[in-house]
Amino acid sequence: MGAPLSAWPWENLGIFKYMLYGPFVGRVMYEIFYEEEKDWKFSWCLQLLILSAVRGLVYLFWNCYTNSLFLTRNRQILKQGVDFKQIDKEWDWDNFLILQTIFATMAYYMFPFLQNLPTWNSKGVIAALIFHVGISEPLYYWVHKKFHGDYLFTNYHSLHHSSTVPQSLTAGHGTVLEHMFLSLVIGIPILGASLMGYGSISMIYGYILIFDFLRSLGHCNVEFIPHNLFETFPFMRYLMYTPTYHTLHHTEKDCNFCLFMPLFDALGNTLSSKSWELHKSYSAGNDSRVPEFVFLAHIVDITSAMHGQCCLRTFASLPFRTRFFLIPFFPFAVIGVSAMWLWSKTFLFSFYYLRDRLHQTWVVPRCGFMYFLPFATEGINKHIEQAILTADKIGVKVISLAALNKNESLNGGGKLFVDKHPNLRVRVVHGNTLTAAVILDEIPKDATEVFLTGATSKLGRAIALYLCQKKVKVLMLTLSTERFEKVQKEAPLEYQSYLVQVTKYQAAQHCKTWIVGKWITPREQNWAPRGTHFHQFVVPPIFAFRRDCTYGDLAAMRLPKDVEGLGCCEYTMDRGVVHACHAGGIVHMLEGWTHHEVGAIDVDRIDVVWKAAMKHGLRPLSSGSTIKAN
């Protein structure tokens, strides 16, 4: 058993912990339907529910700002990145809101002067400020120092400091004992002002929300407060802390203990001498590292636009699935995507480190369906070209094109840009060679026949040519005899007979290995025999319609175990898994290859790229094969 009050009493309830708000909701419903005279100003249950919701939004909005890397990348204080381990630790960051709602209810019944408060009383603001500076600040400072003693730190406060990179949600990550004490710190100014007869609803809302705002600010890990404010008004540095100031407390642990006012650290001789020097450095906003590798992605659809740390961090840490709670946010997503179409440039979305190399994901502000609009093609290519030129200018080594950004009809798999700019230092990679290798690795060792849709695409061509040389019969679905014959002639003469053109799905009704490179409908899937496995390289993936068949995920690979700072999933991929085209760019960078990988896939390099991926610790999600090993 842990120390007393170190664990939350509802920690095993999961999402059902929110049922603790049930009595408050019930009381509000009773007031709505059964009380004849309604005065919402005095409905304490309604006020507490509203206050709890708004407080949660304060922390979430701060978290969105912190993770909007296109705004904050140059002002990040700690550069490591928030990983899945920290996100999981802080999953129940909002426990304190439930606790303080319960405490507020107890206080309402215990102290009659909290009932029937007016909407506004200006004297209450002054009284609350006096109580805060005179009691709450020094009390917090003194107790916080005590929490850094051996026993209290080991059993309680170490949980809060276990978060490697502070973010706004880290402010709520603590034990019950700590948040009981913090409830007292918040309550003293409210109770004191109300006891003097100066309390008001506005004062309560204002004080608590400002308190939460400042706690989120201190933990946000982004230095946005200008240093010239303290140079112009030197006394301000003792009245207001900064994100840099509190981050120093998290990294060094023996300084900067104050709540919001460094004055008390100065009086207690615990103010770090680095505080103002580091603040000046970070607030300048010039501390930006050039990535070695960039994955150039795009938005898949409007709903998936919300699957990012800049929207909902916990949601982004899980593989994307359409969920009911996204419905209220959908109109905002539509507005956001529309605004990006009109005004946005390619932007930084996420990052991680692999062997001390910075990897970033940049996003072209376009949804998947836009790539099929004829009038949008030129604009999309301009975005991609500008991203490549920017990467070249700042010194990126490799930029890998995702999914539709390398569409053959759009830019020839990136060849358009390489031909247009022959002196590029950055290597442009479509990653399809490794994608083909991953798909081939999934094919059963004993397969003698496969059915291939999208057969004359870049990937389809490479898969067909590789398999035929392994004496696997490939049924290539295409209506174009000319394109089929062009692919067939690329195969060695003795293997050309293994490539067979088919024009209807009925031709595959006895084939149990389908490789899907072109979207197929449920009706077309019905031609597959029972027990068929659908391998896929089509975006978006096909519907899993057949219960008597199995469906593979998009080609993907698991990153090496030494990846650091990764805290978001790549679309529907599991944690630590990236699309094969992303992995292909990583291999290109780690190997130090100096050639571009654009246009058609070099079939002879499939095994070379695969072995390089294995050498660097990337692993397939499953392996059925080896067709490649044979």
# chains A, B, ... in the order shown; residues from 1 in each chain; ligands from 1
>>> select_by_dssp(residues="stretch 199-442 of chain A", states="strand (DSSP E or B)", output="VMD selection string")
chain A and resid 222 293 to 299 347 to 354 357 to 367 398 to 401 427 to 429
>>> write_last_selection(atoms="N, CA, C and O atoms", output="CSV table (one decimal), in the first residue's frame")
chain,number,residue,atom,x,y,z
A,222,VAL,N,6.3,27.0,-22.8
A,222,VAL,CA,6.5,27.9,-23.9
A,222,VAL,C,6.8,29.3,-23.3
A,222,VAL,O,5.9,29.8,-22.6
A,293,PHE,N,15.4,15.1,-40.7
A,293,PHE,CA,14.4,14.4,-41.5
A,293,PHE,C,13.0,15.0,-41.4
A,293,PHE,O,12.6,15.4,-40.3
A,294,VAL,N,12.3,15.1,-42.5
A,294,VAL,CA,10.9,15.7,-42.5
A,294,VAL,C,10.0,14.7,-43.2
A,294,VAL,O,10.3,14.2,-44.3
A,295,PHE,N,8.9,14.4,-42.6
A,295,PHE,CA,7.8,13.6,-43.3
A,295,PHE,C,6.7,14.6,-43.7
A,295,PHE,O,6.1,15.2,-42.8
A,296,LEU,N,6.5,14.7,-44.9
A,296,LEU,CA,5.5,15.7,-45.4
A,296,LEU,C,4.2,15.0,-45.6
A,296,LEU,O,3.9,14.3,-46.6
A,297,ALA,N,3.3,15.2,-44.7
A,297,ALA,CA,2.0,14.5,-44.6
A,297,ALA,C,0.9,15.5,-45.2
A,297,ALA,O,1.1,16.6,-45.6
A,298,HIS,N,-0.4,15.0,-45.1
A,298,HIS,CA,-1.5,15.9,-45.4
A,298,HIS,C,-2.7,15.4,-44.5
A,298,HIS,O,-2.6,14.3,-43.9
A,299,ILE,N,-3.7,16.2,-44.5
A,299,ILE,CA,-4.9,15.9,-43.7
A,299,ILE,C,-5.7,14.8,-44.5
A,299,ILE,O,-5.9,14.9,-45.7
A,347,PHE,N,2.7,23.5,-42.4
A,347,PHE,CA,3.0,23.8,-41.0
A,347,PHE,C,3.6,22.6,-40.3
A,347,PHE,O,3.4,21.4,-40.6
A,348,LEU,N,4.4,22.9,-39.2
A,348,LEU,CA,4.9,21.8,-38.3
A,348,LEU,C,3.8,21.3,-37.5
A,348,LEU,O,3.1,22.0,-36.8
A,349,PHE,N,3.7,19.9,-37.5
A,349,PHE,CA,2.6,19.2,-36.8
A,349,PHE,C,3.1,18.5,-35.5
A,349,PHE,O,2.5,18.5,-34.5
A,350,SER,N,4.2,17.7,-35.7
A,350,SER,CA,4.7,16.9,-34.5
A,350,SER,C,6.2,16.7,-34.8
A,350,SER,O,6.8,16.9,-35.8
A,351,PHE,N,6.9,16.1,-33.7
A,351,PHE,CA,8.3,15.8,-33.8
A,351,PHE,C,8.6,14.7,-32.9
A,351,PHE,O,7.9,14.4,-31.9
A,352,TYR,N,9.8,14.1,-33.1
A,352,TYR,CA,10.4,13.1,-32.1
A,352,TYR,C,11.8,13.0,-32.4
A,352,TYR,O,12.3,13.6,-33.4
A,353,TYR,N,12.6,12.3,-31.6
A,353,TYR,CA,14.0,12.2,-31.8
A,353,TYR,C,14.3,10.7,-31.9
A,353,TYR,O,13.8,9.8,-31.3
A,354,LEU,N,15.3,10.4,-32.9
A,354,LEU,CA,15.8,9.1,-33.0
A,354,LEU,C,17.3,9.1,-33.1
A,354,LEU,O,17.8,9.7,-34.0
A,357,ARG,N,18.7,12.5,-33.5
A,357,ARG,CA,18.4,13.2,-34.7
A,357,ARG,C,16.9,13.7,-34.6
A,357,ARG,O,16.0,12.9,-34.3
A,358,LEU,N,16.7,14.9,-35.0
A,358,LEU,CA,15.3,15.5,-34.9
A,358,LEU,C,14.5,15.1,-36.2
A,358,LEU,O,15.0,15.4,-37.3
A,359,HIS,N,13.4,14.5,-35.9
A,359,HIS,CA,12.5,14.1,-37.0
A,359,HIS,C,11.2,14.9,-36.9
A,359,HIS,O,10.6,15.0,-35.8
A,360,GLN,N,10.7,15.6,-37.9
A,360,GLN,CA,9.5,16.4,-37.8
A,360,GLN,C,8.5,15.9,-38.9
A,360,GLN,O,8.9,15.4,-39.9
A,361,THR,N,7.2,16.1,-38.5
A,361,THR,CA,6.2,15.9,-39.5
A,361,THR,C,5.6,17.3,-39.9
A,361,THR,O,5.2,18.0,-39.0
A,362,TRP,N,5.7,17.6,-41.2
A,362,TRP,CA,5.0,18.8,-41.7
A,362,TRP,C,3.7,18.4,-42.4
A,362,TRP,O,3.7,17.3,-43.0
A,363,VAL,N,2.8,19.3,-42.4
A,363,VAL,CA,1.5,19.0,-43.0
A,363,VAL,C,1.1,20.0,-44.0
A,363,VAL,O,1.1,21.2,-43.8
A,364,VAL,N,0.8,19.5,-45.2
A,364,VAL,CA,0.2,20.3,-46.3
A,364,VAL,C,-1.3,20.5,-45.9
A,364,VAL,O,-2.0,19.6,-45.7
A,365,PRO,N,-1.7,21.8,-45.8
A,365,PRO,CA,-3.1,22.1,-45.3
A,365,PRO,C,-4.2,21.8,-46.4
A,365,PRO,O,-4.9,22.6,-46.8
A,366,ARG,N,-4.2,20.5,-46.7
A,366,ARG,CA,-5.3,20.0,-47.7
A,366,ARG,C,-5.8,18.7,-47.2
A,366,ARG,O,-5.0,17.8,-46.8
A,367,CYS,N,-7.1,18.4,-47.4
A,367,CYS,CA,-7.7,17.2,-47.1
A,367,CYS,C,-7.6,16.2,-48.3
A,367,CYS,O,-7.4,16.6,-49.4
A,398,VAL,N,16.7,14.8,-45.6
A,398,VAL,CA,15.7,14.0,-46.3
A,398,VAL,C,14.3,14.5,-46.0
A,398,VAL,O,14.0,14.7,-44.9
A,399,ILE,N,13.5,14.6,-47.1
A,399,ILE,CA,12.1,14.9,-47.0
A,399,ILE,C,11.3,13.8,-47.7
A,399,ILE,O,11.6,13.5,-48.8
A,400,SER,N,10.4,13.1,-46.9
A,400,SER,CA,9.7,12.0,-47.5
A,400,SER,C,8.2,12.4,-47.7
A,400,SER,O,7.6,13.0,-46.8
A,401,LEU,N,7.7,12.1,-48.9
A,401,LEU,CA,6.4,12.5,-49.2
A,401,LEU,C,5.3,11.4,-48.8
A,401,LEU,O,5.5,10.2,-49.1
A,427,ARG,N,17.3,15.4,-50.0
A,427,ARG,CA,16.9,14.3,-50.8
A,427,ARG,C,15.4,14.0,-50.7
A,427,ARG,O,14.9,13.9,-49.6
A,428,VAL,N,14.7,14.0,-51.9
A,428,VAL,CA,13.3,13.8,-51.9
A,428,VAL,C,13.0,12.3,-52.1
A,428,VAL,O,13.5,11.7,-53.0
A,429,VAL,N,12.2,11.8,-51.2
A,429,VAL,CA,12.0,10.3,-51.1
A,429,VAL,C,10.5,10.1,-51.1
A,429,VAL,O,9.7,10.7,-50.3
>>> select_by_dssp(residues="stretch 149-291 of chain A", states="alpha helix (DSSP H)", output="JSON, numbers by chain")
{"A": [150, 151, 152, 158, 159, 160, 161, 176, 177, 178, 179, 180, 181, 182, 183, 184, 185, 186, 187, 188, 189, 190, 191, 192, 193, 194, 195, 201, 202, 203, 204, 205, 206, 207, 208, 209, 210, 211, 212, 213, 214, 215, 216, 217, 218, 219, 228, 229, 230, 231, 232, 243, 244, 245, 246, 247, 248, 249, 250, 251, 252, 263, 264, 265, 266, 267, 275, 276, 277, 278, 279, 280, 281, 282, 283]}
>>> residues_around(residues="A:Arg237", least_positions_apart="4", cutoff="12 Å", atoms="only C-alpha atoms", output="list in words")
Ile225, Pro226, His227, Asn228, Leu229, Phe230, Glu231, Thr232, Phe233, Tyr241, Thr242, Tyr245, Phe260, Met261, Pro262, Leu263, Phe264, Asp265, Ala266, Leu271, Ser275, Trp276, His279 and Lys280 of chain A
>>> write_last_selection(atoms="C-alpha atoms", output="tab-separated table (two decimals), in the first residue's frame")
chain	number	residue	atom	x	y	z
A	225	ILE	CA	6.34	36.68	-21.88
A	226	PRO	CA	8.66	39.36	-23.35
A	227	HIS	CA	11.83	40.01	-21.40
A	228	ASN	CA	11.67	43.75	-22.05
A	229	LEU	CA	8.66	43.84	-19.71
A	230	PHE	CA	11.02	43.09	-16.82
A	231	GLU	CA	13.68	45.43	-18.15
A	232	THR	CA	11.18	48.30	-18.33
A	233	PHE	CA	9.53	47.44	-15.02
A	241	TYR	CA	6.60	34.21	-12.54
A	242	THR	CA	7.18	32.95	-16.06
A	245	TYR	CA	10.97	30.34	-14.01
A	260	PHE	CA	3.02	32.86	-8.71
A	261	MET	CA	5.20	35.54	-7.06
A	262	PRO	CA	9.03	35.15	-7.12
A	263	LEU	CA	9.17	37.70	-4.31
A	264	PHE	CA	8.82	34.84	-1.81
A	265	ASP	CA	11.71	32.93	-3.38
A	266	ALA	CA	13.82	36.07	-3.09
A	271	LEU	CA	15.45	32.12	-6.31
A	275	SER	CA	15.98	32.57	-13.92
A	276	TRP	CA	16.25	35.92	-15.68
A	279	HIS	CA	14.10	33.89	-19.59
A	280	LYS	CA	15.86	36.43	-21.78
>>> closest_residue(among="A:Asp553, A:Glu178, A:Asp392, A:Asp446", to="A:Leu159", atoms="only C-alpha atoms")
A:Glu178
>>> atom_distance(atom1="atom CA of A:Val577", atom2="atom CA of A:Ile463")
22.5 Å
>>> closest_residue(among="A:Arg619, A:Lys518, A:His179, A:His596", to="A:Lys415", atoms="only C-alpha atoms")
A:His596
>>> residues_around(residues="stretch 190-205 of chain A", least_positions_apart="4", cutoff="7 Å", atoms="only C-alpha atoms", output="JSON, numbers by chain")
{"A": [113, 114, 117, 118, 119, 120, 121, 123, 124, 125, 127, 128, 131, 209]}
>>> atom_distance(atom1="atom CA of A:Thr435", atom2="atom CA of A:Ala580")
4.8 Å
>>> closest_residue(among="A:Leu467, A:Ile380, A:His148, A:Leu177", to="A:His249", atoms="only C-alpha atoms")
A:His148
>>> closest_residue(among="A:Ala555, A:Ile210, A:Val337, A:Leu312", to="A:Leu440", atoms="only C-alpha atoms")
A:Ala555
>>> closest_residue(among="A:Pro529, A:Met340, A:Gln469, A:Leu499", to="A:Val603", atoms="only C-alpha atoms")
A:Gln469
>>> atom_distance(atom1="atom CA of A:Thr101", atom2="atom CA of A:Cys220")
24.2 Å
>>> residues_around(residues="A:Lys504", least_positions_apart="2", cutoff="9 Å", atoms="only C-alpha atoms", output="PyMOL selection string")
chain A and resi 477-479+502+506-508
>>> closest_residue(among="A:Thr322, A:Asn526, A:Thr521, A:Gln488", to="A:Ile542", atoms="only C-alpha atoms")
A:Thr521
>>> decode(residues="stretch 362-393 of chain A", atoms="N, CA, C and O atoms", output="mmCIF file, in the first residue's frame")
data_model
loop_
_atom_site.group_PDB
_atom_site.id
_atom_site.type_symbol
_atom_site.label_atom_id
_atom_site.label_comp_id
_atom_site.auth_asym_id
_atom_site.auth_seq_id
_atom_site.Cartn_x
_atom_site.Cartn_y
_atom_site.Cartn_z
ATOM 1 N N TRP A 362 5.655 17.620 -41.152
ATOM 2 C CA TRP A 362 5.024 18.833 -41.669
ATOM 3 C C TRP A 362 3.750 18.426 -42.382
ATOM 4 O O TRP A 362 3.664 17.331 -42.958
ATOM 5 N N VAL A 363 2.754 19.302 -42.361
ATOM 6 C CA VAL A 363 1.464 18.959 -42.957
ATOM 7 C C VAL A 363 1.086 19.980 -44.036
ATOM 8 O O VAL A 363 1.090 21.185 -43.787
ATOM 9 N N VAL A 364 0.762 19.463 -45.212
ATOM 10 C CA VAL A 364 0.195 20.297 -46.272
ATOM 11 C C VAL A 364 -1.265 20.546 -45.905
ATOM 12 O O VAL A 364 -2.008 19.589 -45.650
ATOM 13 N N PRO A 365 -1.716 21.801 -45.848
ATOM 14 C CA PRO A 365 -3.069 22.091 -45.349
ATOM 15 C C PRO A 365 -4.167 21.761 -46.357
ATOM 16 O O PRO A 365 -4.943 22.624 -46.774
ATOM 17 N N ARG A 366 -4.236 20.503 -46.738
ATOM 18 C CA ARG A 366 -5.252 20.043 -47.678
ATOM 19 C C ARG A 366 -5.770 18.673 -47.240
ATOM 20 O O ARG A 366 -5.010 17.823 -46.777
ATOM 21 N N CYS A 367 -7.076 18.438 -47.393
ATOM 22 C CA CYS A 367 -7.689 17.150 -47.084
ATOM 23 C C CYS A 367 -7.561 16.200 -48.268
ATOM 24 O O CYS A 367 -7.385 16.635 -49.415
ATOM 25 N N GLY A 368 -7.718 14.914 -48.003
ATOM 26 C CA GLY A 368 -7.550 13.907 -49.039
ATOM 27 C C GLY A 368 -8.426 14.123 -50.256
ATOM 28 O O GLY A 368 -7.966 13.998 -51.395
ATOM 29 N N PHE A 369 -9.708 14.482 -50.050
ATOM 30 C CA PHE A 369 -10.611 14.627 -51.189
ATOM 31 C C PHE A 369 -10.202 15.776 -52.105
ATOM 32 O O PHE A 369 -10.524 15.777 -53.293
ATOM 33 N N MET A 370 -9.477 16.755 -51.565
ATOM 34 C CA MET A 370 -9.069 17.904 -52.369
ATOM 35 C C MET A 370 -8.061 17.516 -53.449
ATOM 36 O O MET A 370 -7.941 18.204 -54.462
ATOM 37 N N TYR A 371 -7.331 16.425 -53.223
ATOM 38 C CA TYR A 371 -6.328 15.991 -54.190
ATOM 39 C C TYR A 371 -6.966 15.471 -55.480
ATOM 40 O O TYR A 371 -6.279 15.300 -56.480
ATOM 41 N N PHE A 372 -8.260 15.226 -55.454
ATOM 42 C CA PHE A 372 -8.957 14.708 -56.632
ATOM 43 C C PHE A 372 -9.788 15.790 -57.322
ATOM 44 O O PHE A 372 -10.558 15.495 -58.234
ATOM 45 N N LEU A 373 -9.633 17.036 -56.869
ATOM 46 C CA LEU A 373 -10.302 18.158 -57.519
ATOM 47 C C LEU A 373 -9.344 18.755 -58.549
ATOM 48 O O LEU A 373 -8.267 19.236 -58.184
ATOM 49 N N PRO A 374 -9.692 18.743 -59.823
ATOM 50 C CA PRO A 374 -8.764 19.203 -60.875
ATOM 51 C C PRO A 374 -8.236 20.615 -60.650
ATOM 52 O O PRO A 374 -7.061 20.891 -60.892
ATOM 53 N N PHE A 375 -9.090 21.514 -60.143
ATOM 54 C CA PHE A 375 -8.660 22.900 -59.964
ATOM 55 C C PHE A 375 -7.729 23.083 -58.764
ATOM 56 O O PHE A 375 -7.105 24.146 -58.609
ATOM 57 N N ALA A 376 -7.613 22.038 -57.900
ATOM 58 C CA ALA A 376 -6.773 22.165 -56.703
ATOM 59 C C ALA A 376 -5.358 21.647 -56.917
ATOM 60 O O ALA A 376 -4.476 21.884 -56.088
ATOM 61 N N THR A 377 -5.119 20.945 -58.017
ATOM 62 C CA THR A 377 -3.836 20.280 -58.242
ATOM 63 C C THR A 377 -2.659 21.247 -58.220
ATOM 64 O O THR A 377 -1.649 21.009 -57.554
ATOM 65 N N GLU A 378 -2.784 22.340 -58.929
ATOM 66 C CA GLU A 378 -1.671 23.294 -59.014
ATOM 67 C C GLU A 378 -1.324 23.872 -57.648
ATOM 68 O O GLU A 378 -0.149 23.985 -57.281
ATOM 69 N N GLY A 379 -2.348 24.221 -56.871
ATOM 70 C CA GLY A 379 -2.108 24.787 -55.545
ATOM 71 C C GLY A 379 -1.441 23.799 -54.610
ATOM 72 O O GLY A 379 -0.551 24.156 -53.829
ATOM 73 N N ILE A 380 -1.857 22.525 -54.682
ATOM 74 C CA ILE A 380 -1.253 21.494 -53.822
ATOM 75 C C ILE A 380 0.218 21.315 -54.178
ATOM 76 O O ILE A 380 1.082 21.243 -53.299
ATOM 77 N N ASN A 381 0.521 21.244 -55.463
ATOM 78 C CA ASN A 381 1.922 21.099 -55.879
ATOM 79 C C ASN A 381 2.771 22.289 -55.450
ATOM 80 O O ASN A 381 3.953 22.135 -55.128
ATOM 81 N N LYS A 382 2.172 23.468 -55.421
ATOM 82 C CA LYS A 382 2.919 24.647 -54.953
ATOM 83 C C LYS A 382 3.271 24.509 -53.484
ATOM 84 O O LYS A 382 4.376 24.872 -53.066
ATOM 85 N N HIS A 383 2.315 23.997 -52.695
ATOM 86 C CA HIS A 383 2.588 23.780 -51.270
ATOM 87 C C HIS A 383 3.716 22.769 -51.082
ATOM 88 O O HIS A 383 4.622 22.973 -50.269
ATOM 89 N N ILE A 384 3.652 21.664 -51.832
ATOM 90 C CA ILE A 384 4.675 20.624 -51.712
ATOM 91 C C ILE A 384 6.030 21.155 -52.160
ATOM 92 O O ILE A 384 7.057 20.938 -51.492
ATOM 93 N N GLU A 385 6.046 21.874 -53.272
ATOM 94 C CA GLU A 385 7.300 22.434 -53.788
ATOM 95 C C GLU A 385 7.907 23.416 -52.799
ATOM 96 O O GLU A 385 9.114 23.397 -52.538
ATOM 97 N N GLN A 386 7.058 24.261 -52.211
ATOM 98 C CA GLN A 386 7.562 25.238 -51.247
ATOM 99 C C GLN A 386 8.128 24.555 -50.014
ATOM 100 O O GLN A 386 9.146 24.978 -49.458
ATOM 101 N N ALA A 387 7.481 23.468 -49.579
ATOM 102 C CA ALA A 387 7.989 22.714 -48.424
ATOM 103 C C ALA A 387 9.354 22.116 -48.740
ATOM 104 O O ALA A 387 10.268 22.140 -47.902
ATOM 105 N N ILE A 388 9.511 21.573 -49.945
ATOM 106 C CA ILE A 388 10.799 20.985 -50.343
ATOM 107 C C ILE A 388 11.880 22.059 -50.398
ATOM 108 O O ILE A 388 13.005 21.854 -49.907
ATOM 109 N N LEU A 389 11.546 23.219 -50.952
ATOM 110 C CA LEU A 389 12.531 24.306 -51.052
ATOM 111 C C LEU A 389 12.899 24.848 -49.676
ATOM 112 O O LEU A 389 14.057 25.193 -49.424
ATOM 113 N N THR A 390 11.909 24.922 -48.773
ATOM 114 C CA THR A 390 12.193 25.363 -47.404
ATOM 115 C C THR A 390 13.109 24.374 -46.703
ATOM 116 O O THR A 390 14.076 24.763 -46.032
ATOM 117 N N ALA A 391 12.818 23.082 -46.863
ATOM 118 C CA ALA A 391 13.669 22.050 -46.267
ATOM 119 C C ALA A 391 15.086 22.138 -46.817
ATOM 120 O O ALA A 391 16.073 21.992 -46.076
ATOM 121 N N ASP A 392 15.194 22.381 -48.103
ATOM 122 C CA ASP A 392 16.516 22.510 -48.726
ATOM 123 C C ASP A 392 17.265 23.723 -48.180
ATOM 124 O O ASP A 392 18.472 23.658 -47.913
ATOM 125 N N LYS A 393 16.539 24.812 -47.990
ATOM 126 C CA LYS A 393 17.150 26.065 -47.532
ATOM 127 C C LYS A 393 17.690 25.962 -46.109
ATOM 128 O O LYS A 393 18.784 26.461 -45.803
#
